[in-house]
file upload_6.tsv (TSV, C-alpha atoms)
chain	number	residue	atom	x	y	z
P	1	MET	CA	20.41	2.26	-17.06
P	2	LEU	CA	17.70	-0.19	-16.07
P	3	GLU	CA	17.37	-3.44	-17.94
P	4	ILE	CA	14.65	-6.04	-18.25
P	5	GLY	CA	15.51	-8.79	-15.78
P	6	SER	CA	17.21	-6.52	-13.23
P	7	THR	CA	16.07	-7.71	-9.82
P	8	PHE	CA	16.38	-6.86	-6.12
P	9	THR	CA	15.43	-9.14	-3.22
P	10	LYS	CA	15.17	-8.60	0.51
P	11	THR	CA	13.79	-10.82	3.27
P	12	ILE	CA	11.87	-9.21	6.11
P	13	VAL	CA	10.06	-10.60	9.14
P	14	ALA	CA	6.43	-9.80	9.98
P	15	ASP	CA	7.27	-9.43	13.64
P	16	GLU	CA	5.07	-8.06	16.39
P	17	ARG	CA	6.83	-4.71	16.50
P	18	THR	CA	6.44	-4.12	12.75
P	19	ILE	CA	2.74	-5.07	12.77
P	20	LYS	CA	2.08	-2.72	15.68
P	21	LYS	CA	3.89	0.13	13.91
P	22	ILE	CA	1.91	-0.45	10.71
P	23	ALA	CA	-1.33	-0.34	12.73
P	24	GLU	CA	-0.22	2.88	14.43
P	25	VAL	CA	0.89	4.71	11.28
P	26	SER	CA	-2.03	3.63	9.10
P	27	GLY	CA	-4.66	3.61	11.83
P	28	ASP	CA	-5.86	0.21	10.54
P	29	MET	CA	-6.89	-1.57	13.75
P	30	ASN	CA	-8.62	-4.57	12.12
P	31	PRO	CA	-8.56	-7.21	14.93
P	32	ILE	CA	-7.54	-9.92	12.44
P	33	HIS	CA	-4.08	-8.30	12.70
P	34	LEU	CA	-4.01	-7.27	16.36
P	35	ASP	CA	-6.35	-9.36	18.50
P	36	LYS	CA	-5.06	-12.87	19.23
P	37	GLU	CA	-8.36	-14.21	20.54
P	38	TYR	CA	-10.42	-12.74	17.70
P	39	ALA	CA	-7.98	-14.15	15.13
P	40	GLU	CA	-8.08	-17.61	16.71
P	41	HIS	CA	-11.79	-17.76	15.92
P	42	SER	CA	-11.28	-16.54	12.33
P	43	MET	CA	-10.82	-18.70	9.22
P	44	PHE	CA	-7.05	-18.30	9.59
P	45	GLY	CA	-6.86	-19.53	13.19
P	46	ARG	CA	-4.28	-16.91	14.11
P	47	ARG	CA	-3.30	-13.31	13.44
P	48	ILE	CA	-2.21	-12.23	9.97
P	49	ALA	CA	-0.18	-9.20	8.85
P	50	HIS	CA	-1.77	-6.20	7.16
P	51	GLY	CA	-1.57	-6.16	3.36
P	52	LEU	CA	0.46	-3.03	4.07
P	53	PHE	CA	3.29	-5.20	5.41
P	54	CYS	CA	4.17	-6.40	1.90
P	55	ILE	CA	3.29	-3.08	0.24
P	56	ASN	CA	5.64	-1.23	2.62
P	57	ALA	CA	8.50	-3.59	1.75
P	58	ILE	CA	7.82	-3.25	-1.98
P	59	SER	CA	7.83	0.56	-1.62
P	60	MET	CA	11.12	0.39	0.23
P	61	ILE	CA	12.76	-1.61	-2.58
P	62	ILE	CA	11.31	0.58	-5.34
P	63	GLY	CA	12.16	3.85	-3.52
P	64	ASN	CA	15.64	2.89	-2.31
P	65	HIS	CA	17.04	0.25	-4.64
P	66	LEU	CA	15.24	-0.62	-7.88
P	67	PRO	CA	14.85	1.79	-9.59
P	68	GLY	CA	15.75	3.82	-6.44
P	69	ASN	CA	16.10	7.58	-5.89
P	70	GLY	CA	13.46	9.71	-7.52
P	71	THR	CA	11.19	6.92	-8.74
P	72	ILE	CA	7.58	8.07	-9.25
P	73	LEU	CA	4.75	5.54	-8.89
P	74	LEU	CA	2.17	5.60	-11.69
P	75	SER	CA	0.08	2.54	-10.79
P	76	GLN	CA	0.23	-0.58	-8.65
P	77	ASN	CA	-1.74	-3.76	-8.30
P	78	PHE	CA	-1.50	-6.45	-5.67
P	79	GLN	CA	-3.06	-9.91	-5.47
P	80	TYR	CA	-3.10	-11.25	-1.93
P	81	ILE	CA	-2.72	-14.97	-2.61
P	82	LYS	CA	-2.01	-16.43	0.83
P	83	PRO	CA	-2.01	-14.88	4.29
P	84	VAL	CA	1.19	-13.61	5.93
P	85	TYR	CA	1.17	-14.83	9.55
P	86	ILE	CA	2.91	-13.08	12.44
P	87	ASP	CA	6.64	-13.94	12.45
P	88	ASP	CA	6.62	-15.22	8.86
P	89	GLN	CA	9.80	-14.47	6.93
P	90	ILE	CA	8.83	-12.86	3.67
P	91	GLU	CA	11.19	-12.71	0.68
P	92	VAL	CA	10.26	-9.65	-1.37
P	93	THR	CA	11.50	-9.49	-4.96
P	94	VAL	CA	11.12	-6.64	-7.44
P	95	THR	CA	12.04	-7.36	-11.07
P	96	ILE	CA	11.98	-5.12	-14.12
P	97	VAL	CA	9.76	-6.89	-16.65
P	98	ASN	CA	9.20	-4.18	-19.25
P	99	CYS	CA	10.64	-0.86	-20.42
P	100	LEU	CA	8.03	1.55	-21.83
P	101	PRO	CA	8.34	4.85	-23.72
P	102	GLY	CA	8.83	7.98	-21.59
P	103	ASN	CA	11.20	6.46	-19.04
P	104	LYS	CA	8.47	4.18	-17.70
P	105	TYR	CA	9.03	0.68	-16.41
P	106	THR	CA	6.84	-2.22	-15.39
P	107	LEU	CA	8.06	-4.01	-12.26
P	108	ARG	CA	6.83	-7.38	-11.05
P	109	THR	CA	6.52	-7.49	-7.27
P	110	LEU	CA	6.53	-10.93	-5.68
P	111	CYS	CA	6.45	-11.94	-2.00
P	112	LYS	CA	7.10	-15.51	-0.82
P	113	ASN	CA	6.96	-16.95	2.67
P	114	GLN	CA	9.56	-19.21	4.33
P	115	MET	CA	7.91	-22.27	2.74
P	116	GLY	CA	8.43	-20.79	-0.72
P	117	ASP	CA	4.70	-20.13	-1.20
P	118	ILE	CA	3.75	-16.96	-3.07
P	119	VAL	CA	1.76	-14.75	-0.70
P	120	LEU	CA	1.53	-11.67	-2.93
P	121	ASP	CA	1.96	-11.12	-6.64
P	122	GLY	CA	1.58	-7.83	-8.45
P	123	GLU	CA	2.91	-5.22	-10.80
P	124	SER	CA	3.91	-1.59	-10.41
P	125	VAL	CA	4.36	0.90	-13.24
P	126	VAL	CA	6.84	3.66	-12.42
P	127	ARG	CA	8.61	6.56	-14.06
P	128	TRP	CA	12.32	6.90	-13.44
P	129	GLU	CA	15.05	9.05	-14.94
P	130	ASP	CA	18.72	8.55	-14.28
P	131	SER	CA	19.83	11.61	-12.30
Z	1	MET	CA	-25.37	-6.10	5.73
Z	2	LEU	CA	-23.33	-4.21	3.16
Z	3	GLU	CA	-25.07	-2.59	0.22
Z	4	ILE	CA	-23.94	-1.24	-3.10
Z	5	GLY	CA	-23.53	2.49	-2.66
Z	6	SER	CA	-22.51	2.36	1.01
Z	7	THR	CA	-19.70	4.85	1.45
Z	8	PHE	CA	-17.28	6.17	4.07
Z	9	THR	CA	-15.18	9.34	3.78
Z	10	LYS	CA	-12.39	10.78	5.87
Z	11	THR	CA	-10.07	13.73	5.26
Z	12	ILE	CA	-6.45	13.46	6.34
Z	13	VAL	CA	-3.47	15.77	6.01
Z	14	ALA	CA	-0.14	14.72	4.47
Z	15	ASP	CA	1.77	16.53	7.17
Z	16	GLU	CA	5.48	16.35	7.89
Z	17	ARG	CA	5.05	14.04	10.87
Z	18	THR	CA	2.99	11.51	8.92
Z	19	ILE	CA	5.40	11.46	5.96
Z	20	LYS	CA	8.35	10.90	8.32
Z	21	LYS	CA	6.52	8.05	10.05
Z	22	ILE	CA	5.68	6.40	6.73
Z	23	ALA	CA	9.35	6.64	5.72
Z	24	GLU	CA	10.42	5.14	9.04
Z	25	VAL	CA	7.97	2.23	9.06
Z	26	SER	CA	8.32	1.31	5.38
Z	27	GLY	CA	12.02	2.14	5.08
Z	28	ASP	CA	11.23	4.01	1.82
Z	29	MET	CA	13.70	6.91	1.91
Z	30	ASN	CA	13.15	8.14	-1.66
Z	31	PRO	CA	14.38	11.78	-1.52
Z	32	ILE	CA	11.39	12.94	-3.58
Z	33	HIS	CA	9.47	12.54	-0.29
Z	34	LEU	CA	12.08	13.61	2.24
Z	35	ASP	CA	14.69	15.93	0.74
Z	36	LYS	CA	13.46	19.47	0.14
Z	37	GLU	CA	16.36	20.52	-2.05
Z	38	TYR	CA	16.28	17.36	-4.17
Z	39	ALA	CA	12.51	17.72	-4.65
Z	40	GLU	CA	12.84	21.39	-5.68
Z	41	HIS	CA	14.93	20.25	-8.64
Z	42	SER	CA	12.46	17.49	-9.60
Z	43	MET	CA	9.58	17.74	-12.09
Z	44	PHE	CA	7.23	18.44	-9.16
Z	45	GLY	CA	9.19	21.39	-7.77
Z	46	ARG	CA	8.58	20.29	-4.18
Z	47	ARG	CA	8.26	17.22	-2.00
Z	48	ILE	CA	5.42	14.75	-2.55
Z	49	ALA	CA	3.93	12.14	-0.22
Z	50	HIS	CA	4.62	8.44	-0.61
Z	51	GLY	CA	1.97	6.45	-2.48
Z	52	LEU	CA	1.69	4.72	0.90
Z	53	PHE	CA	0.09	7.85	2.34
Z	54	CYS	CA	-3.14	7.20	0.44
Z	55	ILE	CA	-2.86	3.40	0.70
Z	56	ASN	CA	-2.54	3.66	4.50
Z	57	ALA	CA	-5.68	5.78	4.70
Z	58	ILE	CA	-7.60	3.41	2.43
Z	59	SER	CA	-6.51	0.46	4.63
Z	60	MET	CA	-7.67	2.33	7.72
Z	61	ILE	CA	-11.15	2.88	6.28
Z	62	ILE	CA	-11.45	-0.71	4.99
Z	63	GLY	CA	-10.12	-2.24	8.22
Z	64	ASN	CA	-11.99	-0.03	10.70
Z	65	HIS	CA	-15.13	1.25	9.00
Z	66	LEU	CA	-16.22	-0.13	5.63
Z	67	PRO	CA	-16.53	-3.09	5.71
Z	68	GLY	CA	-14.59	-2.94	9.06
Z	69	ASN	CA	-13.64	-5.64	11.55
Z	70	GLY	CA	-12.37	-8.84	10.04
Z	71	THR	CA	-12.20	-7.71	6.42
Z	72	ILE	CA	-9.73	-9.74	4.34
Z	73	LEU	CA	-8.03	-8.13	1.33
Z	74	LEU	CA	-8.06	-10.22	-1.86
Z	75	SER	CA	-6.66	-7.72	-4.36
Z	76	GLN	CA	-6.06	-4.01	-4.76
Z	77	ASN	CA	-5.14	-1.65	-7.55
Z	78	PHE	CA	-4.17	2.00	-7.39
Z	79	GLN	CA	-3.71	4.59	-10.13
Z	80	TYR	CA	-1.63	7.54	-8.97
Z	81	ILE	CA	-3.19	10.31	-11.03
Z	82	LYS	CA	-1.75	13.47	-9.49
Z	83	PRO	CA	0.91	14.00	-6.83
Z	84	VAL	CA	0.03	14.54	-3.17
Z	85	TYR	CA	2.15	17.42	-1.88
Z	86	ILE	CA	3.25	17.92	1.71
Z	87	ASP	CA	0.41	19.48	3.75
Z	88	ASP	CA	-2.26	18.63	1.16
Z	89	GLN	CA	-5.63	17.74	2.65
Z	90	ILE	CA	-6.76	14.48	1.11
Z	91	GLU	CA	-10.38	13.34	1.16
Z	92	VAL	CA	-10.39	9.55	1.05
Z	93	THR	CA	-13.63	7.82	0.05
Z	94	VAL	CA	-14.37	4.10	-0.03
Z	95	THR	CA	-17.60	3.00	-1.73
Z	96	ILE	CA	-19.07	-0.46	-2.22
Z	97	VAL	CA	-19.59	-0.82	-5.96
Z	98	ASN	CA	-20.33	-4.54	-6.31
Z	99	CYS	CA	-21.36	-7.55	-4.22
Z	100	LEU	CA	-19.90	-10.85	-5.44
Z	101	PRO	CA	-20.62	-14.49	-4.52
Z	102	GLY	CA	-18.84	-15.83	-1.43
Z	103	ASN	CA	-19.18	-12.70	0.71
Z	104	LYS	CA	-16.87	-10.77	-1.59
Z	105	TYR	CA	-17.21	-7.09	-2.36
Z	106	THR	CA	-15.62	-4.67	-4.79
Z	107	LEU	CA	-14.80	-1.29	-3.26
Z	108	ARG	CA	-13.88	1.84	-5.19
Z	109	THR	CA	-11.18	3.82	-3.45
Z	110	LEU	CA	-10.89	7.49	-4.38
Z	111	CYS	CA	-8.62	10.23	-3.03
Z	112	LYS	CA	-9.11	13.93	-3.83
Z	113	ASN	CA	-7.02	16.91	-2.81
Z	114	GLN	CA	-8.27	20.22	-1.38
Z	115	MET	CA	-8.85	21.52	-4.93
Z	116	GLY	CA	-11.18	18.62	-5.66
Z	117	ASP	CA	-8.70	16.98	-8.05
Z	118	ILE	CA	-8.56	13.18	-8.02
Z	119	VAL	CA	-5.06	12.15	-6.92
Z	120	LEU	CA	-5.69	8.39	-6.64
Z	121	ASP	CA	-8.34	6.10	-8.05
Z	122	GLY	CA	-8.54	2.37	-7.54
Z	123	GLU	CA	-10.44	-0.71	-6.55
Z	124	SER	CA	-10.08	-3.25	-3.77
Z	125	VAL	CA	-11.71	-6.67	-3.67
Z	126	VAL	CA	-12.31	-7.95	-0.14
Z	127	ARG	CA	-14.01	-10.79	1.68
Z	128	TRP	CA	-16.13	-9.88	4.67
Z	129	GLU	CA	-18.60	-11.81	6.81
Z	130	ASP	CA	-20.87	-10.22	9.37
Z	131	SER	CA	-19.65	-11.44	12.75
call {"tool": "encode", "arguments": {"input": "upload_6.tsv", "output": "structure tokens"}}
result
Amino acid sequence: MLEIGSTFTKTIVADERTIKKIAEVSGDMNPIHLDKEYAEHSMFGRRIAHGLFCINAISMIIGNHLPGNGTILLSQNFQYIKPVYIDDQIEVTVTIVNCLPGNKYTLRTLCKNQMGDIVLDGESVVRWEDS
Amino acid sequence: MLEIGSTFTKTIVADERTIKKIAEVSGDMNPIHLDKEYAEHSMFGRRIAHGLFCINAISMIIGNHLPGNGTILLSQNFQYIKPVYIDDQIEVTVTIVNCLPGNKYTLRTLCKNQMGDIVLDGESVVRWEDS
């Protein structure tokens, strides 16, 4: 049984290896993520992680832990509030914020960096039945 | 210069290898994607791709093609309308639907399966400057 307020948190690092794997699997070769020199001349001054870095971690928590096995995504939204830089430590938290008819749940998905700044905020609506 | 109506389309296949790579990189081991027997007893009757399958492809188009190099994501939303099954051929289309002040653009992101059914609909807001 899932309850409003149930939460799961995991901290992951946006390390070089992970960023390269995300680029390889998605095919997203945007130089803002991969090219040091290009990124140094950008508004950020250095490379940033793909938005996929946080989305991957959120998917991992939703698919494995909360709600876990058998969860079906219905919708997701993500606001990218601050950049995630290479080697940032990102604390990813998924919290059940609403229970809806038909075994549906609204989850808040929040990512903070090592300074405690919110880098991503969003919500996912999922269907989940206890199996 | 980006214009309203500019569009980019690519068709990709949700093949076994891609689904396994998505599971590996994200860590999302939800058996609805990976476990044939489990999925046969689910409401879908067979395995479905991660939501990440379409999101990865959308990121690839936005990062590489439209708008391309140096695009920064500001927000994204995704409605998962129908499941993507293993080996489905998914046509992913990104279209510029609005130009906003401050070099911001709204992109519609649409994924259709080989039957022409919409499996994902959504919007991304990005910032992009011609470099």
call {"tool": "closest_atom_pairs", "arguments": {"input": "upload_6.tsv", "of": "chain Z", "to": "chain P", "cutoff": "7 Å", "atoms": "all atoms listed in the file", "output": "JSON lines"}}
result
{"residue": "Z:Lys21", "atom": "CA", "partner": "P:Val25", "partner_atom": "CA", "distance": 6.7}
{"residue": "Z:Ile22", "atom": "CA", "partner": "P:Val25", "partner_atom": "CA", "distance": 6.8}
{"residue": "Z:Val25", "atom": "CA", "partner": "P:Lys21", "partner_atom": "CA", "distance": 6.7}
{"residue": "Z:Ser26", "atom": "CA", "partner": "P:Asn56", "partner_atom": "CA", "distance": 4.6}
{"residue": "Z:Gly27", "atom": "CA", "partner": "P:Met60", "partner_atom": "CA", "distance": 5.2}
{"residue": "Z:Asp28", "atom": "CA", "partner": "P:Met60", "partner_atom": "CA", "distance": 4.0}
{"residue": "Z:Met29", "atom": "CA", "partner": "P:Asn64", "partner_atom": "CA", "distance": 6.1}
{"residue": "Z:Asn30", "atom": "CA", "partner": "P:Gly63", "partner_atom": "CA", "distance": 4.8}
{"residue": "Z:Pro31", "atom": "CA", "partner": "P:Asn69", "partner_atom": "CA", "distance": 6.3}
{"residue": "Z:Ile32", "atom": "CA", "partner": "P:Gly70", "partner_atom": "CA", "distance": 5.5}
{"residue": "Z:Asn56", "atom": "CA", "partner": "P:Ser26", "partner_atom": "CA", "distance": 4.6}
{"residue": "Z:Ala57", "atom": "CA", "partner": "P:Ser26", "partner_atom": "CA", "distance": 6.1}
{"residue": "Z:Ser59", "atom": "CA", "partner": "P:Asp28", "partner_atom": "CA", "distance": 6.0}
{"residue": "Z:Met60", "atom": "CA", "partner": "P:Asp28", "partner_atom": "CA", "distance": 4.0}
{"residue": "Z:Gly63", "atom": "CA", "partner": "P:Asn30", "partner_atom": "CA", "distance": 4.8}
{"residue": "Z:Asn64", "atom": "CA", "partner": "P:Asn30", "partner_atom": "CA", "distance": 5.8}
{"residue": "Z:Gly68", "atom": "CA", "partner": "P:Asn30", "partner_atom": "CA", "distance": 6.9}
{"residue": "Z:Asn69", "atom": "CA", "partner": "P:Asn30", "partner_atom": "CA", "distance": 5.2}
{"residue": "Z:Gly70", "atom": "CA", "partner": "P:Ile32", "partner_atom": "CA", "distance": 5.5}
{"residue": "Z:Leu73", "atom": "CA", "partner": "P:Tyr80", "partner_atom": "CA", "distance": 6.7}
{"residue": "Z:Leu74", "atom": "CA", "partner": "P:Tyr80", "partner_atom": "CA", "distance": 5.1}
{"residue": "Z:Ser75", "atom": "CA", "partner": "P:Gln79", "partner_atom": "CA", "distance": 4.4}
{"residue": "Z:Gln76", "atom": "CA", "partner": "P:Phe78", "partner_atom": "CA", "distance": 5.3}
{"residue": "Z:Asn77", "atom": "CA", "partner": "P:Asn77", "partner_atom": "CA", "distance": 4.1}
{"residue": "Z:Phe78", "atom": "CA", "partner": "P:Gln76", "partner_atom": "CA", "distance": 5.3}
{"residue": "Z:Gln79", "atom": "CA", "partner": "P:Ser75", "partner_atom": "CA", "distance": 4.4}
{"residue": "Z:Tyr80", "atom": "CA", "partner": "P:Leu74", "partner_atom": "CA", "distance": 5.1}
call {"tool": "calpha_fit_and_write", "arguments": {"input": "upload_6.tsv", "fixed": "chain P", "moving": "chain Z", "output": "compact mmCIF listing (two decimals) with C-alpha atoms, in the coordinates of the input"}}
result
# COMPACT_ATOMS: atom_id res chain seq x y z
CA MET Z 1 20.45 2.25 -17.04
CA LEU Z 2 17.72 -0.19 -16.06
CA GLU Z 3 17.37 -3.45 -17.93
CA ILE Z 4 14.66 -6.04 -18.24
CA GLY Z 5 15.51 -8.78 -15.78
CA SER Z 6 17.20 -6.52 -13.22
CA THR Z 7 16.07 -7.70 -9.81
CA PHE Z 8 16.39 -6.86 -6.12
CA THR Z 9 15.43 -9.14 -3.21
CA LYS Z 10 15.16 -8.60 0.51
CA THR Z 11 13.78 -10.82 3.27
CA ILE Z 12 11.86 -9.21 6.12
CA VAL Z 13 10.05 -10.60 9.13
CA ALA Z 14 6.42 -9.79 9.98
CA ASP Z 15 7.27 -9.43 13.64
CA GLU Z 16 5.08 -8.06 16.40
CA ARG Z 17 6.84 -4.70 16.49
CA THR Z 18 6.43 -4.11 12.76
CA ILE Z 19 2.74 -5.07 12.76
CA LYS Z 20 2.08 -2.71 15.69
CA LYS Z 21 3.89 0.12 13.90
CA ILE Z 22 1.90 -0.45 10.71
CA ALA Z 23 -1.33 -0.34 12.74
CA GLU Z 24 -0.22 2.87 14.44
CA VAL Z 25 0.87 4.72 11.29
CA SER Z 26 -2.03 3.63 9.09
CA GLY Z 27 -4.67 3.63 11.83
CA ASP Z 28 -5.86 0.21 10.54
CA MET Z 29 -6.89 -1.57 13.75
CA ASN Z 30 -8.60 -4.57 12.13
CA PRO Z 31 -8.55 -7.21 14.93
CA ILE Z 32 -7.54 -9.92 12.45
CA HIS Z 33 -4.07 -8.30 12.71
CA LEU Z 34 -4.00 -7.27 16.35
CA ASP Z 35 -6.32 -9.36 18.51
CA LYS Z 36 -5.04 -12.86 19.22
CA GLU Z 37 -8.32 -14.21 20.53
CA TYR Z 38 -10.40 -12.75 17.70
CA ALA Z 39 -7.96 -14.15 15.12
CA GLU Z 40 -8.04 -17.63 16.71
CA HIS Z 41 -11.76 -17.76 15.93
CA SER Z 42 -11.27 -16.56 12.33
CA MET Z 43 -10.82 -18.72 9.22
CA PHE Z 44 -7.04 -18.30 9.58
CA GLY Z 45 -6.84 -19.55 13.17
CA ARG Z 46 -4.27 -16.91 14.10
CA ARG Z 47 -3.29 -13.32 13.44
CA ILE Z 48 -2.20 -12.22 9.96
CA ALA Z 49 -0.18 -9.20 8.85
CA HIS Z 50 -1.77 -6.20 7.16
CA GLY Z 51 -1.59 -6.15 3.36
CA LEU Z 52 0.47 -3.02 4.07
CA PHE Z 53 3.28 -5.20 5.41
CA CYS Z 54 4.16 -6.40 1.91
CA ILE Z 55 3.27 -3.08 0.25
CA ASN Z 56 5.63 -1.23 2.62
CA ALA Z 57 8.48 -3.58 1.74
CA ILE Z 58 7.79 -3.26 -1.99
CA SER Z 59 7.81 0.56 -1.63
CA MET Z 60 11.12 0.38 0.22
CA ILE Z 61 12.76 -1.61 -2.58
CA ILE Z 62 11.30 0.59 -5.34
CA GLY Z 63 12.15 3.84 -3.54
CA ASN Z 64 15.64 2.90 -2.31
CA HIS Z 65 17.03 0.24 -4.63
CA LEU Z 66 15.24 -0.63 -7.87
CA PRO Z 67 14.84 1.77 -9.59
CA GLY Z 68 15.73 3.84 -6.43
CA ASN Z 69 16.10 7.58 -5.89
CA GLY Z 70 13.46 9.70 -7.52
CA THR Z 71 11.19 6.92 -8.74
CA ILE Z 72 7.59 8.06 -9.26
CA LEU Z 73 4.74 5.55 -8.89
CA LEU Z 74 2.16 5.59 -11.70
CA SER Z 75 0.07 2.55 -10.79
CA GLN Z 76 0.22 -0.57 -8.67
CA ASN Z 77 -1.75 -3.76 -8.30
CA PHE Z 78 -1.50 -6.46 -5.66
CA GLN Z 79 -3.07 -9.91 -5.46
CA TYR Z 80 -3.10 -11.26 -1.92
CA ILE Z 81 -2.73 -14.96 -2.60
CA LYS Z 82 -2.01 -16.43 0.83
CA PRO Z 83 -2.01 -14.87 4.29
CA VAL Z 84 1.17 -13.60 5.94
CA TYR Z 85 1.18 -14.81 9.54
CA ILE Z 86 2.90 -13.09 12.44
CA ASP Z 87 6.63 -13.95 12.45
CA ASP Z 88 6.61 -15.21 8.85
CA GLN Z 89 9.80 -14.47 6.94
CA ILE Z 90 8.83 -12.85 3.66
CA GLU Z 91 11.18 -12.71 0.68
CA VAL Z 92 10.25 -9.66 -1.37
CA THR Z 93 11.50 -9.49 -4.96
CA VAL Z 94 11.12 -6.65 -7.44
CA THR Z 95 12.04 -7.37 -11.07
CA ILE Z 96 11.97 -5.11 -14.12
CA VAL Z 97 9.76 -6.89 -16.65
CA ASN Z 98 9.21 -4.19 -19.27
CA CYS Z 99 10.65 -0.86 -20.42
CA LEU Z 100 8.05 1.55 -21.82
CA PRO Z 101 8.35 4.86 -23.71
CA GLY Z 102 8.83 7.98 -21.58
CA ASN Z 103 11.21 6.45 -19.04
CA LYS Z 104 8.48 4.18 -17.71
CA TYR Z 105 9.04 0.68 -16.42
CA THR Z 106 6.85 -2.22 -15.39
CA LEU Z 107 8.05 -4.01 -12.27
CA ARG Z 108 6.82 -7.38 -11.04
CA THR Z 109 6.51 -7.48 -7.28
CA LEU Z 110 6.52 -10.92 -5.67
CA CYS Z 111 6.43 -11.95 -2.00
CA LYS Z 112 7.09 -15.52 -0.82
CA ASN Z 113 6.96 -16.96 2.67
CA GLN Z 114 9.56 -19.21 4.33
CA MET Z 115 7.90 -22.27 2.74
CA GLY Z 116 8.41 -20.80 -0.72
CA ASP Z 117 4.68 -20.14 -1.20
CA ILE Z 118 3.74 -16.97 -3.08
CA VAL Z 119 1.75 -14.75 -0.70
CA LEU Z 120 1.53 -11.66 -2.94
CA ASP Z 121 1.95 -11.12 -6.65
CA GLY Z 122 1.59 -7.83 -8.46
CA GLU Z 123 2.89 -5.21 -10.81
CA SER Z 124 3.91 -1.59 -10.42
CA VAL Z 125 4.36 0.90 -13.24
CA VAL Z 126 6.84 3.66 -12.43
CA ARG Z 127 8.62 6.56 -14.08
CA TRP Z 128 12.32 6.90 -13.42
CA GLU Z 129 15.06 9.04 -14.94
CA ASP Z 130 18.74 8.56 -14.26
CA SER Z 131 19.85 11.60 -12.28
call {"tool": "closest_residue", "arguments": {"input": "upload_6.tsv", "among": "P:Glu16, P:Asp35, P:Glu91, P:Glu3", "to": "P:Thr109", "atoms": "all atoms listed in the file"}}
result
P:Glu91
call {"tool": "atom_distance", "arguments": {"input": "upload_6.tsv", "atom1": "atom CA of Z:Ile12", "atom2": "atom CA of Z:Arg47"}}
result
17.3 Å
call {"tool": "atom_distance", "arguments": {"input": "upload_6.tsv", "atom1": "atom CA of P:Phe8", "atom2": "atom CA of P:Asn103"}}
result
19.3 Å
call {"tool": "closest_residue", "arguments": {"input": "upload_6.tsv", "among": "P:Gln114, P:Thr9, P:Lys20, P:Met1", "to": "P:Val94", "atoms": "only C-alpha atoms"}}
result
P:Thr9
call {"tool": "atom_distance", "arguments": {"input": "upload_6.tsv", "atom1": "atom CA of Z:Leu110", "atom2": "atom CA of Z:Ile90"}}
result
9.8 Å
call {"tool": "residues_near_point", "arguments": {"input": "upload_6.tsv", "point": "(-23.2, 3.0, -2.4)", "cutoff": "7 Å", "atoms": "all atoms listed in the file", "output": "count of residues only"}}
result
8
call {"tool": "closest_residue", "arguments": {"input": "upload_6.tsv", "among": "P:Met43, P:Val84, P:Ala14, P:Leu100", "to": "P:Val119", "atoms": "all atoms listed in the file"}}
result
P:Val84
